[in-house]
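Peer 1: Input file: target18.cif. Contents: mmCIF, C-alpha atoms.
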```cif
data_entry
#
loop_
_atom_site.label_atom_id
_atom_site.label_comp_id
_atom_site.auth_asym_id
_atom_site.auth_seq_id
_atom_site.Cartn_x
_atom_site.Cartn_y
_atom_site.Cartn_z
CA MET A 1 -28.18 138.96 115.40
CA PRO A 2 -29.15 135.46 114.25
CA ALA A 3 -32.23 133.69 115.49
CA ILE A 4 -32.51 130.00 116.32
CA HIS A 5 -35.75 128.26 115.34
CA LEU A 6 -37.28 124.92 116.30
CA ALA A 7 -39.06 123.74 113.15
CA PRO A 8 -42.76 122.84 113.53
CA ALA A 9 -42.22 119.26 112.33
CA VAL A 10 -39.55 118.67 114.98
CA ALA A 11 -41.70 120.27 117.66
CA ASP A 12 -44.60 118.02 116.67
CA ALA A 13 -42.43 114.90 116.71
CA PHE A 14 -40.83 115.76 120.07
CA PRO A 15 -43.42 117.81 121.95
CA ASP A 16 -41.60 117.77 125.31
CA THR A 17 -38.38 119.28 123.91
CA LEU A 18 -36.66 122.05 125.85
CA ILE A 19 -33.42 123.65 124.65
CA ALA A 20 -31.37 126.16 126.63
CA LEU A 21 -29.31 128.68 124.66
CA VAL A 22 -26.54 130.25 126.71
CA THR A 23 -25.03 133.10 124.71
CA ALA A 24 -21.76 134.84 125.56
CA THR A 25 -20.42 137.97 123.86
CA GLY A 26 -16.97 139.42 124.34
CA LEU A 27 -15.68 135.98 125.30
CA ARG A 28 -12.02 135.82 126.34
CA GLY A 29 -10.79 132.32 125.64
CA ARG A 30 -7.07 132.88 126.03
CA GLU A 31 -7.04 133.84 129.71
CA PRO A 32 -7.05 131.34 132.60
CA TRP A 33 -10.48 129.96 133.58
CA PRO A 34 -9.80 128.70 137.12
CA ASP A 35 -13.43 127.85 137.91
CA THR A 36 -13.66 125.61 134.85
CA THR A 37 -10.38 123.93 135.75
CA ALA A 38 -11.65 123.33 139.29
CA ALA A 39 -14.96 121.94 138.01
CA LEU A 40 -13.19 119.49 135.71
CA ASP A 41 -10.76 118.40 138.40
CA GLY A 42 -13.56 117.94 140.90
CA LEU A 43 -15.65 115.81 138.56
CA GLU A 44 -12.64 113.64 137.76
CA ARG A 45 -11.98 113.15 141.49
CA GLN A 46 -15.60 112.09 142.03
CA LEU A 47 -15.31 109.53 139.25
CA ALA A 48 -12.02 108.23 140.64
CA ASP A 49 -13.31 107.81 144.18
CA GLY A 50 -16.57 106.21 143.04
CA THR A 51 -18.96 108.85 144.37
CA TRP A 52 -20.30 109.70 140.91
CA GLN A 53 -20.68 108.00 137.52
CA PRO A 54 -21.66 109.50 134.16
CA ALA A 55 -25.07 108.56 132.81
CA ASP A 56 -24.98 105.56 130.47
CA GLU A 57 -27.50 104.24 127.95
CA SER A 58 -29.60 102.64 130.70
CA ASP A 59 -30.24 106.09 132.18
CA PRO A 60 -33.60 107.60 131.11
CA ARG A 61 -31.86 110.81 130.01
CA ILE A 62 -29.71 108.90 127.52
CA GLU A 63 -32.37 106.34 126.65
CA ALA A 64 -34.66 109.14 125.41
CA TRP A 65 -32.01 110.23 122.92
CA HIS A 66 -31.43 106.66 121.72
CA THR A 67 -35.17 106.38 121.05
CA ALA A 68 -35.16 109.69 119.18
CA TYR A 69 -32.16 108.71 117.07
CA ARG A 70 -33.84 105.48 116.04
CA SER A 71 -36.98 107.41 115.09
CA PHE A 72 -35.09 109.33 112.40
CA GLY A 73 -33.06 106.36 111.19
CA THR A 74 -29.79 106.69 113.15
CA ASN A 75 -28.35 103.76 115.06
CA PRO A 76 -27.46 105.31 118.46
CA ARG A 77 -24.99 102.59 119.34
CA ARG A 78 -22.96 103.29 116.21
CA ILE A 79 -23.51 107.06 116.07
CA ARG A 80 -24.00 108.11 119.67
CA PRO A 81 -25.59 111.24 121.13
CA SER A 82 -22.81 113.58 122.23
CA VAL A 83 -23.41 113.19 125.96
CA ASP A 84 -23.47 109.40 125.64
CA ALA A 85 -20.17 109.34 123.76
CA LEU A 86 -18.58 111.82 126.17
CA GLY A 87 -19.73 109.90 129.24
CA ARG A 88 -18.44 106.59 127.86
CA ARG A 89 -15.06 108.16 127.09
CA PHE A 90 -14.91 109.73 130.55
CA ALA A 91 -15.78 106.45 132.31
CA LYS A 92 -13.11 104.61 130.32
CA LYS A 93 -10.26 107.13 130.52
CA GLY A 94 -11.01 108.73 133.88
CA ALA A 95 -10.53 112.24 132.46
CA LEU A 96 -12.36 114.68 130.23
CA PRO A 97 -10.60 116.09 127.17
CA ARG A 98 -9.06 119.56 127.47
CA ILE A 99 -9.87 121.45 124.25
CA ASN A 100 -10.15 125.11 125.26
CA PRO A 101 -11.84 126.77 128.25
CA ALA A 102 -15.21 127.40 126.59
CA VAL A 103 -15.52 123.88 125.19
CA ASP A 104 -14.22 122.37 128.42
CA SER A 105 -16.91 124.29 130.32
CA TYR A 106 -19.82 122.91 128.34
CA ASN A 107 -18.35 119.41 128.29
CA CYS A 108 -18.13 119.45 132.08
CA VAL A 109 -21.71 120.70 132.48
CA SER A 110 -22.98 118.23 129.86
CA VAL A 111 -21.53 115.12 131.45
CA ARG A 112 -22.34 116.24 135.00
CA HIS A 113 -26.04 116.60 134.20
CA GLY A 114 -26.41 113.91 131.53
CA LEU A 115 -27.58 116.40 128.90
CA PRO A 116 -26.25 116.87 125.35
CA ALA A 117 -24.37 120.12 124.77
CA GLY A 118 -22.78 121.88 121.85
CA ALA A 119 -21.78 125.37 120.74
CA PHE A 120 -21.59 127.58 117.68
CA ASP A 121 -19.23 130.46 116.95
CA LEU A 122 -21.85 132.94 115.77
CA ASP A 123 -19.30 134.96 113.78
CA HIS A 124 -19.16 131.99 111.39
CA VAL A 125 -22.92 131.39 111.18
CA THR A 126 -24.76 132.66 108.09
CA GLY A 127 -28.37 133.71 108.52
CA ASP A 128 -30.59 132.03 111.06
CA ILE A 129 -30.18 128.55 112.54
CA VAL A 130 -33.02 126.06 112.22
CA ILE A 131 -33.42 122.72 114.00
CA ARG A 132 -35.16 120.69 111.31
CA HIS A 133 -35.28 117.49 109.32
CA ALA A 134 -32.66 117.19 106.57
CA ASP A 135 -33.91 116.98 103.00
CA GLY A 136 -30.87 115.14 101.66
CA THR A 137 -29.31 118.05 99.77
CA GLU A 138 -27.38 119.68 102.63
CA GLU A 139 -23.63 119.47 103.15
CA PHE A 140 -21.76 118.94 106.42
CA THR A 141 -18.05 119.18 107.19
CA PRO A 142 -17.29 117.43 110.50
CA LEU A 143 -15.36 119.06 113.29
CA GLY A 144 -11.66 118.43 112.81
CA GLU A 145 -12.09 117.21 109.22
CA PRO A 146 -12.05 120.34 107.04
CA GLY A 147 -11.50 118.30 103.87
CA THR A 148 -14.50 116.01 104.41
CA THR A 149 -18.02 116.57 103.11
CA GLU A 150 -20.99 114.49 104.24
CA ILE A 151 -24.61 114.54 103.10
CA PRO A 152 -27.10 113.93 105.92
CA LYS A 153 -29.85 111.44 105.13
CA PRO A 154 -33.35 112.78 104.48
CA GLY A 155 -35.30 112.89 107.73
CA GLU A 156 -32.24 113.14 109.99
CA ILE A 157 -32.58 116.00 112.46
CA ILE A 158 -29.96 118.68 111.99
CA TYR A 159 -29.04 122.19 113.02
CA ALA A 160 -28.54 124.18 109.81
CA ASP A 161 -27.95 127.75 108.71
CA THR A 162 -28.24 129.17 105.20
CA THR A 163 -24.81 127.75 104.20
CA GLY A 164 -25.00 124.20 105.50
CA VAL A 165 -25.31 121.81 108.41
CA LEU A 166 -23.96 122.83 111.81
CA THR A 167 -24.75 119.60 113.70
CA ARG A 168 -25.67 116.13 112.43
CA HIS A 169 -27.99 113.61 114.10
CA TRP A 170 -29.43 116.42 116.30
CA ASN A 171 -26.40 116.47 118.63
CA HIS A 172 -23.92 113.80 117.54
CA ARG A 173 -21.22 116.04 116.06
CA ASP A 174 -20.71 119.73 115.32
CA ALA A 175 -19.38 121.28 112.13
CA HIS A 176 -15.83 122.47 111.56
CA ARG A 177 -16.91 125.88 110.24
CA THR A 178 -18.65 127.02 113.43
CA ARG A 179 -16.34 125.31 115.94
CA VAL A 180 -15.47 127.19 119.11
CA THR A 181 -11.80 128.09 119.53
CA GLU A 182 -9.79 130.19 121.99
CA ASP A 183 -10.40 133.15 119.68
CA SER A 184 -14.20 132.83 119.47
CA THR A 185 -15.85 135.89 121.00
CA HIS A 186 -19.58 135.48 120.24
CA VAL A 187 -20.81 132.01 121.05
CA THR A 188 -24.11 130.28 121.68
CA PHE A 189 -23.94 127.16 123.81
CA VAL A 190 -26.78 124.65 123.51
CA LEU A 191 -28.12 122.25 126.16
CA GLU A 192 -31.01 119.92 125.32
CA THR A 193 -33.61 117.58 126.76
CA LEU A 194 -36.45 115.69 125.10
CA GLN A 195 -38.19 115.23 128.45
CA ALA A 196 -38.84 118.73 129.80
CA THR A 197 -41.63 117.55 132.07
CA ARG A 198 -39.20 115.25 133.84
CA ASP A 199 -35.81 116.93 133.31
CA GLY A 200 -36.56 120.60 132.70
CA HIS A 201 -35.23 121.50 136.15
CA LEU A 202 -31.94 119.76 135.33
CA LEU A 203 -31.66 121.68 132.08
CA LYS A 204 -32.20 125.01 133.81
CA THR A 205 -29.69 124.14 136.54
CA ALA A 206 -27.14 123.12 133.89
CA ALA A 207 -27.69 126.34 131.93
CA ASP A 208 -27.21 128.43 135.07
CA GLU A 209 -24.05 126.47 135.91
CA LEU A 210 -22.62 127.02 132.43
CA ARG A 211 -23.49 130.70 132.53
CA THR A 212 -21.69 131.00 135.88
CA LEU A 213 -18.54 129.50 134.34
CA LEU A 214 -18.72 131.83 131.33
CA THR A 215 -19.59 135.11 133.05
CA PRO A 216 -16.12 135.99 134.47
CA HIS A 217 -14.67 135.65 130.96
CA ALA A 218 -17.34 137.43 128.89
CA GLY A 219 -18.58 140.95 128.39
CA GLN A 220 -22.19 139.75 128.57
CA THR A 221 -24.13 136.51 128.92
CA ALA A 222 -27.78 135.60 128.47
CA VAL A 223 -29.98 132.50 128.60
CA HIS A 224 -32.93 131.81 126.31
CA HIS A 225 -35.08 128.71 125.92
CA LEU A 226 -36.65 127.03 122.90
CA SER A 227 -39.68 124.77 123.14
CA PRO A 228 -42.70 123.92 120.99
CA ALA A 229 -44.53 126.74 122.76
CA HIS A 230 -41.66 129.19 122.19
CA PRO A 231 -39.91 127.99 119.03
CA GLN A 232 -37.68 131.00 118.32
CA ALA A 233 -35.02 133.01 120.14
CA THR A 234 -32.61 135.70 118.97
CA VAL A 235 -29.03 135.20 120.09
#
```
Now that the file is in, can you turn its structure into structure tokens?
Peer 2:
Amino acid sequence: MPAIHLAPAVADAFPDTLIALVTATGLRGREPWPDTTAALDGLERQLADGTWQPADESDPRIEAWHTAYRSFGTNPRRIRPSVDALGRRFAKKGALPRINPAVDSYNCVSVRHGLPAGAFDLDHVTGDIVIRHADGTEEFTPLGEPGTTEIPKPGEIIYADTTGVLTRHWNHRDAHRTRVTEDSTHVTFVLETLQATRDGHLLKTAADELRTLLTPHAGQTAVHHLSPAHPQATV
């Protein structure tokens, strides 16, 4: 069972970080997920009738990530945090993408609560996962681009295992190798905030909501949290 670690240097730089890890085993991604479909449809109706809008870069939840990106040398208006990019796309198109039930579930929860989310197929992870600063020697193959190799800049915050980078720019984009498909059965979903004092309750609500969507389609689910005070969890 891999562990996920928050590196001391990242914890020191972002001392109010809180990360929820929602792990599902025995996931069944090829059966209907009616609750996820209903959640997506409901959110799209709220957007259409004007009773809800996704958080934009003026929202404190998104603004905190823009500030963090700038601190490690990433321009957040060119390379956006995942929840920012997803919310902008949703506001423009009026619909969320349909990828597969597991991905659709975390996208829905992410945009509803204004919190970045991602996921890793743990059967394709090697060793432990560490949230750390890149040293400039790591390799990353972006989701959907199996023939592309990128080298993160030194100091950029990444998720990495012993083989390579799983997510660039903290939460901008996940790797192709550990992508979640309909056939993924052991998955850890990640939800993040840099402002736990202010938004920790939102993170915990979002994690519970995601777990509720996953539970009917998994053999087992669990939620763990990473923070500077508790920088490691086994998933």
Peer 1: To verify the selection step, state as a PDB file with C-alpha atoms, keeping the file's coordinate frame which residues the PyMOL selection byres ((chain A and resi 60-69) around 10) yields on this input.
Peer 2:
```
ATOM      1  CA  ALA A  13     -42.430 114.900 116.710  1.00  0.00           C
ATOM      2  CA  PHE A  14     -40.830 115.760 120.070  1.00  0.00           C
ATOM      3  CA  ALA A  55     -25.070 108.560 132.810  1.00  0.00           C
ATOM      4  CA  ASP A  56     -24.980 105.560 130.470  1.00  0.00           C
ATOM      5  CA  GLU A  57     -27.500 104.240 127.950  1.00  0.00           C
ATOM      6  CA  SER A  58     -29.600 102.640 130.700  1.00  0.00           C
ATOM      7  CA  ASP A  59     -30.240 106.090 132.180  1.00  0.00           C
ATOM      8  CA  ARG A  70     -33.840 105.480 116.040  1.00  0.00           C
ATOM      9  CA  SER A  71     -36.980 107.410 115.090  1.00  0.00           C
ATOM     10  CA  PHE A  72     -35.090 109.330 112.400  1.00  0.00           C
ATOM     11  CA  GLY A  73     -33.060 106.360 111.190  1.00  0.00           C
ATOM     12  CA  THR A  74     -29.790 106.690 113.150  1.00  0.00           C
ATOM     13  CA  ASN A  75     -28.350 103.760 115.060  1.00  0.00           C
ATOM     14  CA  PRO A  76     -27.460 105.310 118.460  1.00  0.00           C
ATOM     15  CA  ARG A  77     -24.990 102.590 119.340  1.00  0.00           C
ATOM     16  CA  ILE A  79     -23.510 107.060 116.070  1.00  0.00           C
ATOM     17  CA  ARG A  80     -24.000 108.110 119.670  1.00  0.00           C
ATOM     18  CA  PRO A  81     -25.590 111.240 121.130  1.00  0.00           C
ATOM     19  CA  SER A  82     -22.810 113.580 122.230  1.00  0.00           C
ATOM     20  CA  VAL A  83     -23.410 113.190 125.960  1.00  0.00           C
ATOM     21  CA  ASP A  84     -23.470 109.400 125.640  1.00  0.00           C
ATOM     22  CA  HIS A 113     -26.040 116.600 134.200  1.00  0.00           C
ATOM     23  CA  GLY A 114     -26.410 113.910 131.530  1.00  0.00           C
ATOM     24  CA  LEU A 115     -27.580 116.400 128.900  1.00  0.00           C
ATOM     25  CA  PRO A 116     -26.250 116.870 125.350  1.00  0.00           C
ATOM     26  CA  GLU A 156     -32.240 113.140 109.990  1.00  0.00           C
ATOM     27  CA  ILE A 157     -32.580 116.000 112.460  1.00  0.00           C
ATOM     28  CA  HIS A 169     -27.990 113.610 114.100  1.00  0.00           C
ATOM     29  CA  TRP A 170     -29.430 116.420 116.300  1.00  0.00           C
ATOM     30  CA  ASN A 171     -26.400 116.470 118.630  1.00  0.00           C
ATOM     31  CA  HIS A 172     -23.920 113.800 117.540  1.00  0.00           C
ATOM     32  CA  THR A 193     -33.610 117.580 126.760  1.00  0.00           C
ATOM     33  CA  LEU A 194     -36.450 115.690 125.100  1.00  0.00           C
ATOM     34  CA  GLN A 195     -38.190 115.230 128.450  1.00  0.00           C
ATOM     35  CA  ARG A 198     -39.200 115.250 133.840  1.00  0.00           C
ATOM     36  CA  ASP A 199     -35.810 116.930 133.310  1.00  0.00           C
TER      37      ASP A 199
END
```
Peer 1: In the coordinate frame of the file, compute which residues have an atom within 6 Å of (-28.6, 121.5, 101.4) when using all atoms listed in the file, and state them as a list of chain:residue names.
Peer 2: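 Output: A:Thr137, A:Glu138, A:Glu139.
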Peer 1: Any idea what the distance is between atom CA of A:Phe120 and atom CA of A:Thr178?
Peer 2: 5.2 Å
Peer 1: What do you get, as number ranges by chain, if you spell out every residue that the PyMOL selection byres ((chain A and resi 110) around 10) selects here?
Peer 2: A: 54, 82-84, 86-87, 104-109, 111-118, 190-192, 203, 206-207, 210
Peer 1: What's the separation between atom CA of A:Leu40 and atom CA of A:Ala95, in Å to one decimal place?
Peer 2: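 If I compute the distance from atom CA of A:Leu40 to atom CA of A:Ala95, I get 8.4 Å.
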